[in-house]
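Dropping coords04.pdb in here (PDB, C-alpha atoms):
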ATOM      1  CA  MET M   1       0.679  27.452  53.682
ATOM      2  CA  SER M   2       1.334  29.229  56.958
ATOM      3  CA  ALA M   3       4.177  30.373  59.226
ATOM      4  CA  VAL M   4       4.571  30.479  63.011
ATOM      5  CA  PHE M   5       6.386  33.427  64.596
ATOM      6  CA  ALA M   6       7.439  32.456  68.127
ATOM      7  CA  ALA M   7       8.683  35.933  68.955
ATOM      8  CA  GLY M   8       5.288  37.412  68.215
ATOM      9  CA  GLN M   9       6.502  39.794  65.521
ATOM     10  CA  PRO M  10       5.366  38.498  62.103
ATOM     11  CA  PHE M  11       7.270  39.383  58.933
ATOM     12  CA  ASP M  12       7.106  38.332  55.315
ATOM     13  CA  VAL M  13       8.959  35.146  54.300
ATOM     14  CA  LEU M  14       9.764  34.430  50.655
ATOM     15  CA  VAL M  15       9.248  30.766  49.810
ATOM     16  CA  LYS M  16      10.018  28.985  46.539
ATOM     17  CA  TYR M  17       7.917  25.931  45.723
ATOM     18  CA  GLU M  18       7.733  23.412  42.878
ATOM     19  CA  LEU M  19       4.523  21.574  41.957
ATOM     20  CA  ILE M  20       4.537  18.467  39.754
ATOM     21  CA  VAL M  21       1.238  16.827  38.821
ATOM     22  CA  ASP M  22       1.146  13.400  37.138
ATOM     23  CA  GLY M  23       4.855  13.382  36.429
ATOM     24  CA  GLN M  24       4.882   9.653  35.660
ATOM     25  CA  VAL M  25       2.182   9.553  32.960
ATOM     26  CA  GLY M  26       2.081  13.180  31.801
ATOM     27  CA  ARG M  27      -1.678  13.582  31.349
ATOM     28  CA  VAL M  28      -2.019  16.876  33.237
ATOM     29  CA  THR M  29      -1.483  20.420  31.987
ATOM     30  CA  LEU M  30      -1.151  23.271  34.489
ATOM     31  CA  PRO M  31      -2.481  26.731  33.529
ATOM     32  CA  GLY M  32       0.093  29.249  32.365
ATOM     33  CA  VAL M  33       3.001  26.806  32.058
ATOM     34  CA  GLY M  34       1.939  24.481  29.256
ATOM     35  CA  GLY M  35       3.132  21.400  31.142
ATOM     36  CA  ASN M  36       2.726  19.515  34.388
ATOM     37  CA  ARG M  37       5.501  21.293  36.339
ATOM     38  CA  ARG M  38       5.159  24.699  38.022
ATOM     39  CA  THR M  39       7.761  26.711  39.950
ATOM     40  CA  GLU M  40       6.786  29.891  41.794
ATOM     41  CA  LYS M  41       7.890  32.225  44.589
ATOM     42  CA  ILE M  42       5.299  33.314  47.118
ATOM     43  CA  THR M  43       5.290  35.444  50.234
ATOM     44  CA  VAL M  44       4.154  33.764  53.437
ATOM     45  CA  THR M  45       2.791  35.902  56.239
ATOM     46  CA  GLY M  46       1.405  35.219  59.650
ATOM     47  CA  THR M  47      -1.980  34.233  58.267
ATOM     48  CA  SER M  48      -2.832  30.944  56.549
ATOM     49  CA  GLU M  49      -3.339  31.117  52.788
ATOM     50  CA  CYS M  50      -4.826  28.574  50.407
ATOM     51  CA  ARG M  51      -4.434  28.664  46.658
ATOM     52  CA  ARG M  52      -6.560  26.868  44.139
ATOM     53  CA  ILE M  53      -4.803  25.622  41.013
ATOM     54  CA  ASP M  54      -6.984  24.239  38.242
ATOM     55  CA  VAL M  55      -5.508  21.450  36.161
ATOM     56  CA  ARG M  56      -6.528  19.927  32.860
ATOM     57  CA  LEU M  57      -6.459  16.157  32.596
ATOM     58  CA  LYS M  58      -6.220  14.725  29.102
ATOM     59  CA  ALA M  59      -5.881  10.976  28.833
ATOM     60  CA  THR M  60      -6.621   8.059  26.600
ATOM     61  CA  ALA M  61      -9.105   5.375  27.542
ATOM     62  CA  ALA M  62      -6.180   3.164  28.486
ATOM     63  CA  SER M  63      -4.701   5.610  31.026
ATOM     64  CA  ILE M  64      -7.704   7.501  32.366
ATOM     65  CA  TYR M  65      -8.089   5.207  35.388
ATOM     66  CA  LYS M  66      -4.456   5.290  36.487
ATOM     67  CA  PRO M  67      -3.832   7.239  39.738
ATOM     68  CA  VAL M  68      -2.521  10.807  39.586
ATOM     69  CA  PHE M  69       0.477  11.701  41.758
ATOM     70  CA  VAL M  70       0.781  15.263  43.079
ATOM     71  CA  GLU M  71       4.249  16.260  44.312
ATOM     72  CA  LEU M  72       4.961  19.509  46.183
ATOM     73  CA  SER M  73       8.380  20.593  47.439
ATOM     74  CA  TYR M  74       9.410  23.953  48.889
ATOM     75  CA  GLU M  75      12.394  25.791  50.310
ATOM     76  CA  LEU M  76      13.212  29.191  51.756
ATOM     77  CA  GLU M  77      14.435  31.719  49.246
ATOM     78  CA  ARG M  78      16.630  33.342  51.920
ATOM     79  CA  SER M  79      18.528  31.145  54.331
ATOM     80  CA  VAL M  80      19.952  32.024  57.746
ATOM     81  CA  PRO M  81      23.480  33.521  57.523
ATOM     82  CA  THR M  82      26.150  31.062  58.599
ATOM     83  CA  GLU M  83      29.213  33.368  58.597
ATOM     84  CA  PRO M  84      31.004  33.685  61.976
ATOM     85  CA  ASP M  85      30.770  37.465  61.977
ATOM     86  CA  ALA M  86      27.099  37.528  60.987
ATOM     87  CA  GLY M  87      24.925  39.237  63.513
ATOM     88  CA  PHE M  88      21.506  38.260  64.722
ATOM     89  CA  CYS M  89      18.959  38.180  61.894
ATOM     90  CA  ALA M  90      15.607  39.375  63.172
ATOM     91  CA  SER M  91      13.824  38.700  59.861
ATOM     92  CA  CYS M  92      15.243  35.267  59.052
ATOM     93  CA  ALA M  93      13.179  32.093  59.097
ATOM     94  CA  LEU M  94      13.982  28.413  59.499
ATOM     95  CA  LEU M  95      12.218  25.354  58.222
ATOM     96  CA  ASP M  96      10.978  23.001  60.911
ATOM     97  CA  PRO M  97      13.240  19.933  60.583
ATOM     98  CA  THR M  98      10.483  17.704  61.954
ATOM     99  CA  VAL M  99       8.150  18.619  59.083
ATOM    100  CA  PRO M 100       9.034  17.251  55.599
ATOM    101  CA  ASN M 101       9.383  19.879  52.877
ATOM    102  CA  ARG M 102       8.340  17.422  50.176
ATOM    103  CA  LEU M 103       4.796  16.092  50.005
ATOM    104  CA  ILE M 104       3.345  13.424  47.729
ATOM    105  CA  GLN M 105      -0.375  12.791  47.371
ATOM    106  CA  ARG M 106      -1.939  10.016  45.343
ATOM    107  CA  ILE M 107      -5.341  10.696  43.756
ATOM    108  CA  SER M 108      -7.126   7.518  42.734
ATOM    109  CA  PHE M 109     -10.178   7.122  40.542
ATOM    110  CA  LYS M 110     -13.223   5.210  41.683
ATOM    111  CA  THR M 111     -13.002   1.988  39.669
ATOM    112  CA  GLY M 112     -15.590  -0.047  41.559
ATOM    113  CA  CYS M 113     -12.959  -2.650  42.455
ATOM    114  CA  GLN M 114     -11.338  -3.697  45.705
ATOM    115  CA  GLY M 115      -8.024  -2.031  44.907
ATOM    116  CA  GLU M 116      -6.932   0.984  42.939
ATOM    117  CA  VAL M 117      -6.357  -1.227  39.885
ATOM    118  CA  CYS M 118      -9.028  -3.719  38.825
ATOM    119  CA  VAL M 119      -8.082  -7.357  38.338
ATOM    120  CA  SER M 120     -10.139  -8.883  35.541
ATOM    121  CA  ASP M 121     -10.332 -12.466  34.281
ATOM    122  CA  LEU M 122     -11.151 -12.408  30.573
ATOM    123  CA  ARG M 123     -12.010 -15.673  28.813
ATOM    124  CA  LEU M 124     -12.017 -15.817  25.017
ATOM    125  CA  SER M 125     -13.868 -18.215  22.715
ATOM    126  CA  ALA M 126     -14.890 -18.158  19.042
ATOM    127  CA  ARG M 127     -17.137 -19.950  16.570
ATOM    128  CA  TRP M 128     -17.937 -19.823  12.858
ATOM    129  CA  LEU M 129     -21.501 -18.717  12.192
ATOM    130  CA  ASP M 130     -21.997 -19.664   8.531
ATOM    131  CA  ILE M 131     -19.201 -22.097   7.560
ATOM    132  CA  THR M 132     -17.552 -25.175   9.033
ATOM    133  CA  PRO M 133     -13.893 -25.430  10.117
ATOM    134  CA  VAL M 134     -13.339 -27.286   6.816
ATOM    135  CA  TYR M 135     -14.019 -24.679   4.152
ATOM    136  CA  VAL M 136     -14.444 -25.355   0.428
ATOM    137  CA  LEU M 137     -12.809 -22.553  -1.527
ATOM    138  CA  GLY M 138     -15.314 -20.526  -3.486
ATOM    139  CA  SER M 139     -18.357 -21.844  -1.611
ATOM    140  CA  SER M 140     -19.091 -18.361  -0.192
ATOM    141  CA  LYS M 141     -17.813 -14.833  -0.647
ATOM    142  CA  LYS M 142     -17.906 -13.986   3.063
ATOM    143  CA  ALA M 143     -17.623 -15.802   6.364
ATOM    144  CA  SER M 144     -18.592 -14.667   9.882
ATOM    145  CA  LEU M 145     -16.411 -15.455  12.894
ATOM    146  CA  GLU M 146     -17.956 -14.553  16.253
ATOM    147  CA  PHE M 147     -15.724 -13.914  19.268
ATOM    148  CA  GLU M 148     -17.066 -14.060  22.812
ATOM    149  CA  VAL M 149     -15.266 -12.422  25.736
ATOM    150  CA  TYR M 150     -16.524 -13.290  29.217
ATOM    151  CA  ASN M 151     -15.229 -11.491  32.317
ATOM    152  CA  ALA M 152     -15.042 -13.697  35.396
ATOM    153  CA  GLY M 153     -13.162 -11.094  37.441
ATOM    154  CA  GLU M 154     -13.458  -7.413  38.331
ATOM    155  CA  ASN M 155     -14.236  -4.601  35.888
ATOM    156  CA  ALA M 156     -12.175  -4.739  32.700
ATOM    157  CA  TYR M 157     -11.507  -1.213  31.477
ATOM    158  CA  LEU M 158     -10.923  -0.606  27.757
ATOM    159  CA  PRO M 159     -11.694  -4.186  26.673
ATOM    160  CA  GLN M 160     -10.206  -4.951  23.260
ATOM    161  CA  LEU M 161      -9.907  -7.805  20.806
ATOM    162  CA  ASN M 162      -6.636  -8.273  18.911
ATOM    163  CA  VAL M 163      -6.877 -10.651  15.916
ATOM    164  CA  THR M 164      -4.176 -11.761  13.470
ATOM    165  CA  LEU M 165      -5.243 -13.360  10.172
ATOM    166  CA  THR M 166      -2.806 -15.473   8.150
ATOM    167  CA  PRO M 167      -2.236 -15.402   5.185
ATOM    168  CA  ALA M 168      -2.649 -11.757   4.189
ATOM    169  CA  ARG M 169      -5.182 -12.818   1.541
ATOM    170  CA  LEU M 170      -7.647 -13.331   4.390
ATOM    171  CA  THR M 171      -8.886  -9.772   4.967
ATOM    172  CA  LEU M 172     -11.954  -8.077   6.392
ATOM    173  CA  ALA M 173     -14.951  -7.722   4.118
ATOM    174  CA  LYS M 174     -16.109  -4.783   6.229
ATOM    175  CA  LEU M 175     -14.046  -2.575   8.540
ATOM    176  CA  THR M 176     -16.179  -0.996  11.264
ATOM    177  CA  SER M 177     -15.415   2.226  13.117
ATOM    178  CA  GLU M 178     -14.349   0.479  16.323
ATOM    179  CA  CYS M 179     -11.612  -1.499  14.553
ATOM    180  CA  GLN M 180      -8.204  -0.650  13.108
ATOM    181  CA  GLN M 181      -6.707  -2.837  10.387
ATOM    182  CA  THR M 182      -3.004  -3.218   9.590
ATOM    183  CA  ILE M 183      -1.974  -5.234   6.520
ATOM    184  CA  THR M 184       1.547  -6.615   6.067
ATOM    185  CA  THR M 185       3.003  -8.987   3.508
ATOM    186  CA  ASP M 186       2.426 -11.993   5.765
ATOM    187  CA  ALA M 187      -0.698 -11.261   7.788
ATOM    188  CA  VAL M 188      -3.555  -8.922   8.638
ATOM    189  CA  ASN M 189      -3.891  -7.493  12.155
ATOM    190  CA  VAL M 190      -7.218  -6.195  13.463
ATOM    191  CA  LEU M 191      -7.577  -4.354  16.798
ATOM    192  CA  CYS M 192     -11.173  -3.702  17.915
ATOM    193  CA  ASP M 193     -12.669  -1.928  20.923
ATOM    194  CA  LEU M 194     -15.300  -4.014  22.703
ATOM    195  CA  ASN M 195     -18.458  -3.043  24.572
ATOM    196  CA  ASN M 196     -18.572   0.399  22.898
ATOM    197  CA  GLY M 197     -15.461   1.393  24.842
ATOM    198  CA  LEU M 198     -17.236   0.947  28.188
ATOM    199  CA  PRO M 199     -15.842  -1.230  30.992
ATOM    200  CA  LEU M 200     -16.779  -4.898  30.805
ATOM    201  CA  LYS M 201     -18.250  -5.568  34.241
ATOM    202  CA  ALA M 202     -17.893  -8.728  36.263
ATOM    203  CA  SER M 203     -19.893 -11.711  34.913
ATOM    204  CA  TYR M 204     -20.681  -9.803  31.701
ATOM    205  CA  THR M 205     -20.106 -11.018  28.148
ATOM    206  CA  SER M 206     -19.178  -9.041  25.054
ATOM    207  CA  ARG M 207     -19.532 -10.492  21.551
ATOM    208  CA  TYR M 208     -17.999  -9.240  18.348
ATOM    209  CA  THR M 209     -18.279 -10.669  14.832
ATOM    210  CA  LEU M 210     -15.642 -10.252  12.142
ATOM    211  CA  ILE M 211     -16.900 -10.491   8.540
ATOM    212  CA  LEU M 212     -14.086 -11.981   6.451
ATOM    213  CA  ASP M 213     -13.544 -11.734   2.706
ATOM    214  CA  MET M 214     -13.050 -15.301   1.406
ATOM    215  CA  THR M 215     -12.741 -14.527  -2.317
ATOM    216  CA  LYS M 216      -8.931 -14.206  -2.351
ATOM    217  CA  LEU M 217      -8.128 -17.298  -0.319
ATOM    218  CA  GLU M 218      -6.055 -20.139  -1.726
ATOM    219  CA  GLY M 219      -3.841 -22.875  -0.385
ATOM    220  CA  SER M 220      -4.528 -25.581   2.171
ATOM    221  CA  SER M 221      -5.154 -23.668   5.412
ATOM    222  CA  ALA M 222      -5.682 -20.290   7.073
ATOM    223  CA  GLU M 223      -4.821 -19.387  10.670
ATOM    224  CA  ILE M 224      -6.631 -17.087  13.088
ATOM    225  CA  LYS M 225      -4.955 -15.957  16.323
ATOM    226  CA  ALA M 226      -6.854 -13.800  18.807
ATOM    227  CA  GLU M 227      -6.264 -12.197  22.195
ATOM    228  CA  ALA M 228      -8.655 -10.512  24.635
ATOM    229  CA  LEU M 229      -7.050  -7.667  26.583
ATOM    230  CA  SER M 230      -7.845  -4.630  28.725
ATOM    231  CA  SER M 231      -6.097  -1.917  30.734
ATOM    232  CA  SER M 232      -6.924  -3.768  33.965
ATOM    233  CA  ASP M 233      -4.613  -6.335  35.475
ATOM    234  CA  GLU M 234      -5.329  -9.936  34.460
ATOM    235  CA  SER M 235      -5.570 -12.791  36.956
ATOM    236  CA  ALA M 236      -5.182 -15.602  34.379
ATOM    237  CA  GLN M 237      -3.550 -15.050  30.995
ATOM    238  CA  ASP M 238      -3.917 -18.513  29.449
ATOM    239  CA  ASP M 239      -7.597 -18.241  28.496
ATOM    240  CA  ASN M 240      -7.091 -14.795  26.959
ATOM    241  CA  PHE M 241      -5.594 -16.384  23.850
ATOM    242  CA  LEU M 242      -7.180 -18.428  21.095
ATOM    243  CA  GLU M 243      -5.865 -20.038  17.912
ATOM    244  CA  GLN M 244      -7.922 -21.629  15.140
ATOM    245  CA  VAL M 245      -6.881 -23.292  11.904
ATOM    246  CA  LEU M 246      -9.322 -23.202   8.999
ATOM    247  CA  THR M 247      -8.747 -26.151   6.674
ATOM    248  CA  LEU M 248      -9.151 -25.210   3.000
ATOM    249  CA  GLN M 249     -10.314 -27.644   0.334
ATOM    250  CA  GLU M 250     -11.004 -27.376  -3.388
ATOM    251  CA  PHE M 251     -14.022 -28.965  -5.036
ATOM    252  CA  SER M 252     -15.370 -28.407  -8.556
ATOM    253  CA  ASP M 253     -18.340 -29.947 -10.350
ATOM    254  CA  ILE M 254     -16.893 -30.593 -13.819
ATOM    255  CA  GLU M 255     -19.027 -31.120 -16.931
ATOM    256  CA  ILE M 256     -17.480 -32.405 -20.205
ATOM    257  CA  ILE M 257     -19.281 -32.116 -23.563
ATOM    258  CA  GLY M 258     -17.951 -33.726 -26.774
ATOM    259  CA  LYS M 259     -19.041 -32.837 -30.312
ATOM    260  CA  THR M 260     -17.863 -34.386 -33.627
ATOM    261  CA  SER M 261     -17.904 -32.739 -37.066
ATOM    262  CA  SER M 262     -19.372 -35.885 -38.697
ATOM    263  CA  SER M 263     -22.315 -37.646 -37.149
ATOM    264  CA  GLU M 264     -21.797 -40.880 -39.179
ATOM    265  CA  VAL M 265     -18.966 -42.501 -41.133
ATOM    266  CA  PHE M 266     -19.559 -45.599 -43.351
ATOM    267  CA  LEU M 267     -16.254 -47.397 -43.254
ATOM    268  CA  GLU M 268     -17.183 -50.055 -45.868
ATOM    269  CA  GLN M 269     -18.052 -47.365 -48.356
ATOM    270  CA  GLN M 270     -15.260 -44.984 -47.409
ATOM    271  CA  SER M 271     -12.105 -44.830 -49.485
ATOM    272  CA  GLY M 272      -9.005 -42.907 -48.532
ATOM    273  CA  LEU M 273      -8.732 -40.622 -45.546
ATOM    274  CA  HIS M 274     -11.635 -38.903 -43.885
ATOM    275  CA  ASN M 275     -10.929 -36.062 -41.479
ATOM    276  CA  VAL M 276     -13.087 -35.941 -38.381
ATOM    277  CA  THR M 277     -12.906 -33.049 -35.917
ATOM    278  CA  TYR M 278     -13.842 -33.771 -32.319
ATOM    279  CA  GLU M 279     -14.450 -30.730 -30.086
ATOM    280  CA  ILE M 280     -14.309 -31.083 -26.319
ATOM    281  CA  GLN M 281     -15.805 -28.468 -23.974
ATOM    282  CA  VAL M 282     -14.983 -28.570 -20.266
ATOM    283  CA  HIS M 283     -17.279 -26.609 -17.936
ATOM    284  CA  SER M 284     -16.546 -25.970 -14.253
ATOM    285  CA  ASN M 285     -19.684 -25.432 -12.216
ATOM    286  CA  GLY M 286     -17.613 -24.575  -9.117
ATOM    287  CA  PRO M 287     -17.552 -23.673  -6.409
ATOM    288  CA  SER M 288     -13.740 -23.755  -6.423
ATOM    289  CA  THR M 289     -11.578 -22.292  -9.151
ATOM    290  CA  PHE M 290     -10.639 -24.915 -11.767
ATOM    291  CA  ARG M 291      -6.856 -25.365 -11.841
ATOM    292  CA  ARG M 292      -4.334 -27.512 -13.680
ATOM    293  CA  LEU M 293      -6.667 -29.100 -16.237
ATOM    294  CA  GLY M 294      -5.648 -32.547 -17.491
ATOM    295  CA  PHE M 295      -7.663 -35.307 -19.177
ATOM    296  CA  THR M 296      -7.126 -38.531 -21.131
ATOM    297  CA  LEU M 297      -8.803 -39.189 -24.504
ATOM    298  CA  ASP M 298      -8.989 -42.703 -26.037
ATOM    299  CA  VAL M 299      -9.171 -42.678 -29.855
ATOM    300  CA  PRO M 300      -9.896 -45.970 -31.730
ATOM    301  CA  LEU M 301      -7.319 -46.627 -34.466
ATOM    302  CA  VAL M 302      -8.762 -49.876 -35.956
ATOM    303  CA  TYR M 303     -12.305 -51.172 -36.243
ATOM    304  CA  HIS M 304     -12.831 -54.954 -36.622
ATOM    305  CA  LYS M 305     -16.156 -56.025 -38.130
ATOM    306  CA  PRO M 306     -17.111 -59.363 -36.531
ATOM    307  CA  SER M 307     -19.520 -60.473 -39.330
ATOM    308  CA  SER M 308     -16.999 -60.129 -42.158
ATOM    309  CA  GLY M 309     -13.760 -60.379 -40.287
ATOM    310  CA  GLN M 310     -12.565 -57.192 -41.976
ATOM    311  CA  SER M 311     -10.604 -54.442 -40.292
ATOM    312  CA  PHE M 312     -10.904 -50.800 -41.155
TER
END

Output the file's structure in the form of structure tokens.
Amino acid sequence: MSAVFAAGQPFDVLVKYELIVDGQVGRVTLPGVGGNRRTEKITVTGTSECRRIDVRLKATAASIYKPVFVELSYELERSVPTEPDAGFCASCALLDPTVPNRLIQRISFKTGCQGEVCVSDLRLSARWLDITPVYVLGSSKKASLEFEVYNAGENAYLPQLNVTLTPARLTLAKLTSECQQTITTDAVNVLCDLNNGLPLKASYTSRYTLILDMTKLEGSSAEIKAEALSSSDESAQDDNFLEQVLTLQEFSDIEIIGKTSSSEVFLEQQSGLHNVTYEIQVHSNGPSTFRRLGFTLDVPLVYHKPSSGQSF
């Protein structure tokens, strides 16, 4: 900051300025103030003076690449007297009306894209690695669903995968460090960082596999909804979303074993009643859980002997 003294006699001018750094996002802390706004009075002389102000930028991965706005405004602490009886003020200064007293500078990060904000084009697809879209309950304890995110546009910063699993019985068998899991009564939401948190460059692909716990599943179907997202702008939203329905079926290999308490009964020699106990054992060899057991048993009440024509 500097001052021009047309009369040739320099004198000190007290100026009050206000500095605001990153007022929109609030990522910057200025030393000595604990915030991003600083107000100070300084003395301007006939010589130019530059001041260096160090700032601390603290941001999340989602906001680190957003531009930083620096705003500086200033005014004279002592204005020129305007009273009619005021005499000439030899030590009064005026602001040049042709020079704005409010400056705004935009500091952009190098993103490697054409503009200040990258425009990505993420395309999401998925496939089951170890089961088919028609799943037999109980056939496996875990299932692997691989998601593939391809970027057909500019750099995608903070690429993420957001997955919703319905019903809530369909949970993760293993929660990795790059994922956060939220369980509600109706569904399970999983948010994962892709590409180790690094930008997904143009024409690059990132794959991520979710290992699902299948032991609690029941019913007729399960639904998986997924979305690929990033902090960059997106040129086409439609292919960022994916929805899959997993059809659930039950199948059990059932084995029935019958055992009687008497191996033989001679009806012609038998008189009166003879109690016979018949024990039935039903074994389910899986894979699905055996539910709602029901069977029909035919018991002969009369035996007709063809050779004698007798009935027993």

Identify, on the basis of only C-alpha atoms, every residue whose closest approach to stretch 29-35 of chain M does not exceed 10 Å; exclude the query and any residue fewer than 3 positions from it along the same chain; express the result as a VMD selection string.
-> chain M and resid 19 to 23 26 38 to 39 53 to 58

Atom CA of M:Asp193 to atom CA of M:Glu116, distance in Å rounded to a single decimal = 22.9 Å

Interatomic distance between atom CA of M:Ser235 and atom CA of M:Asp121?
->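 Taking atom CA of M:Ser235 and atom CA of M:Asp121, their separation equals 5.5 Å.
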
Given all atoms listed in the file as the counted atoms, nearest of M:Ser79, M:Asn155, M:Thr47, M:Ser261 to M:Ser231 |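 Among the listed residues, the smallest separation from M:Ser231 belongs to M:Asn155.
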
Expected selection from the PyMOL selection byres ((chain M and resi 40) around 6), given as a PyMOL selection string | chain M and resi 16-17+39+41

For the structure provided, state which residues fall under the PyMOL selection byres ((chain M and resi 108) around 6), and present them as a tab-separated table (two decimals) with C-alpha atoms, keeping the file's coordinate frame.
chain	number	residue	atom	x	y	z
M	67	PRO	CA	-3.83	7.24	39.74
M	107	ILE	CA	-5.34	10.70	43.76
M	109	PHE	CA	-10.18	7.12	40.54

Given the file above and the PyMOL selection byres ((chain M and resi 226) around 6), which residues are selected, and can you give them as JSON, numbers by chain?
-> {"M": [162, 163, 225, 227, 241, 242]}

Considering only C-alpha atoms, return as a list in words whatever protein or nucleic-acid residues lie within 12 Å of M:Gln244, sequence-local ones (same chain, fewer than 3 positions apart) excluded.
->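 After dropping sequence-adjacent residues, the list is Ser125, Ala126, Arg127, Trp128, Thr132, Pro133, Val134, Leu145, Phe147, Val163, Thr164, Leu165, Thr166, Ser221, Ala222, Glu223, Ile224, Lys225, Ala226, Glu227, Phe241 and Thr247 of chain M.
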
Looking at all atoms listed in the file, which of M:Val265, M:Val28, M:Leu170, M:Leu200 is the one that sits closest to M:Leu229?
->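 Of M:Val265, M:Val28, M:Leu170, M:Leu200, the one nearest M:Leu229, counting all atoms listed in the file, is M:Leu200.
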
Surrounding residues of M:Ser73 excluding itself and chain neighbours under 2 positions, 8 Å, all atoms listed in the file, as a VMD selection string = chain M and resid 17 to 19 71 75 101 to 103

Neighbours of M:Cys113 within 9 Å (only C-alpha atoms; same-chain residues fewer than 5 positions away dropped), as JSON, numbers by chain?
-> {"M": [118, 119, 154, 155]}

Output requested as a JSON list (two decimals), keeping the file's coordinate frame - stretch 37-43 of chain M, filled out with all heavy atoms.
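Output (selection.json):
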[["chain", "number", "residue", "atom", "x", "y", "z"],
["M", 37, "ARG", "N", 4.56, 20.85, 35.31],
["M", 37, "ARG", "CA", 5.50, 21.29, 36.34],
["M", 37, "ARG", "C", 5.40, 22.82, 36.51],
["M", 37, "ARG", "O", 5.44, 23.57, 35.54],
["M", 37, "ARG", "CB", 6.92, 20.90, 35.95],
["M", 37, "ARG", "CG", 7.97, 21.19, 37.03],
["M", 37, "ARG", "CD", 9.35, 20.87, 36.46],
["M", 37, "ARG", "NE", 9.44, 19.47, 36.09],
["M", 37, "ARG", "CZ", 9.94, 18.51, 36.84],
["M", 37, "ARG", "NH1", 10.43, 18.83, 38.05],
["M", 37, "ARG", "NH2", 9.99, 17.26, 36.42],
["M", 38, "ARG", "N", 5.30, 23.26, 37.75],
["M", 38, "ARG", "CA", 5.16, 24.70, 38.02],
["M", 38, "ARG", "C", 6.08, 25.10, 39.16],
["M", 38, "ARG", "O", 6.09, 24.46, 40.22],
["M", 38, "ARG", "CB", 3.71, 25.03, 38.38],
["M", 38, "ARG", "CG", 3.46, 26.50, 38.71],
["M", 38, "ARG", "CD", 1.98, 26.74, 38.90],
["M", 38, "ARG", "NE", 1.68, 28.14, 39.21],
["M", 38, "ARG", "CZ", 0.45, 28.63, 39.29],
["M", 38, "ARG", "NH1", -0.59, 27.83, 39.08],
["M", 38, "ARG", "NH2", 0.25, 29.90, 39.57],
["M", 39, "THR", "N", 6.86, 26.16, 38.93],
["M", 39, "THR", "CA", 7.76, 26.71, 39.95],
["M", 39, "THR", "C", 7.38, 28.17, 40.19],
["M", 39, "THR", "O", 7.23, 28.94, 39.24],
["M", 39, "THR", "CB", 9.22, 26.61, 39.51],
["M", 39, "THR", "OG1", 9.55, 25.24, 39.25],
["M", 39, "THR", "CG2", 10.15, 27.13, 40.60],
["M", 40, "GLU", "N", 7.26, 28.54, 41.47],
["M", 40, "GLU", "CA", 6.79, 29.89, 41.79],
["M", 40, "GLU", "C", 7.34, 30.32, 43.15],
["M", 40, "GLU", "O", 7.62, 29.49, 44.02],
["M", 40, "GLU", "CB", 5.26, 29.92, 41.82],
["M", 40, "GLU", "CG", 4.66, 31.30, 41.95],
["M", 40, "GLU", "CD", 3.14, 31.25, 41.95],
["M", 40, "GLU", "OE1", 2.57, 30.14, 41.96],
["M", 40, "GLU", "OE2", 2.52, 32.35, 41.95],
["M", 41, "LYS", "N", 7.50, 31.64, 43.31],
["M", 41, "LYS", "CA", 7.89, 32.22, 44.59],
["M", 41, "LYS", "C", 6.69, 32.94, 45.18],
["M", 41, "LYS", "O", 6.01, 33.72, 44.50],
["M", 41, "LYS", "CB", 9.05, 33.21, 44.41],
["M", 41, "LYS", "CG", 10.33, 32.58, 43.90],
["M", 41, "LYS", "CD", 11.42, 33.62, 43.70],
["M", 41, "LYS", "CE", 12.68, 32.99, 43.15],
["M", 41, "LYS", "NZ", 13.76, 34.00, 42.93],
["M", 42, "ILE", "N", 6.43, 32.68, 46.45],
["M", 42, "ILE", "CA", 5.30, 33.31, 47.12],
["M", 42, "ILE", "C", 5.75, 33.88, 48.45],
["M", 42, "ILE", "O", 6.78, 33.46, 49.01],
["M", 42, "ILE", "CB", 4.14, 32.31, 47.35],
["M", 42, "ILE", "CG1", 4.62, 31.13, 48.21],
["M", 42, "ILE", "CG2", 3.59, 31.80, 46.02],
["M", 42, "ILE", "CD1", 3.51, 30.19, 48.60],
["M", 43, "THR", "N", 5.00, 34.81, 48.94],
["M", 43, "THR", "CA", 5.29, 35.44, 50.23],
["M", 43, "THR", "C", 4.34, 34.88, 51.29],
["M", 43, "THR", "O", 3.12, 34.92, 51.13],
["M", 43, "THR", "CB", 5.14, 36.97, 50.15],
["M", 43, "THR", "OG1", 6.04, 37.48, 49.16],
["M", 43, "THR", "CG2", 5.43, 37.61, 51.49]]
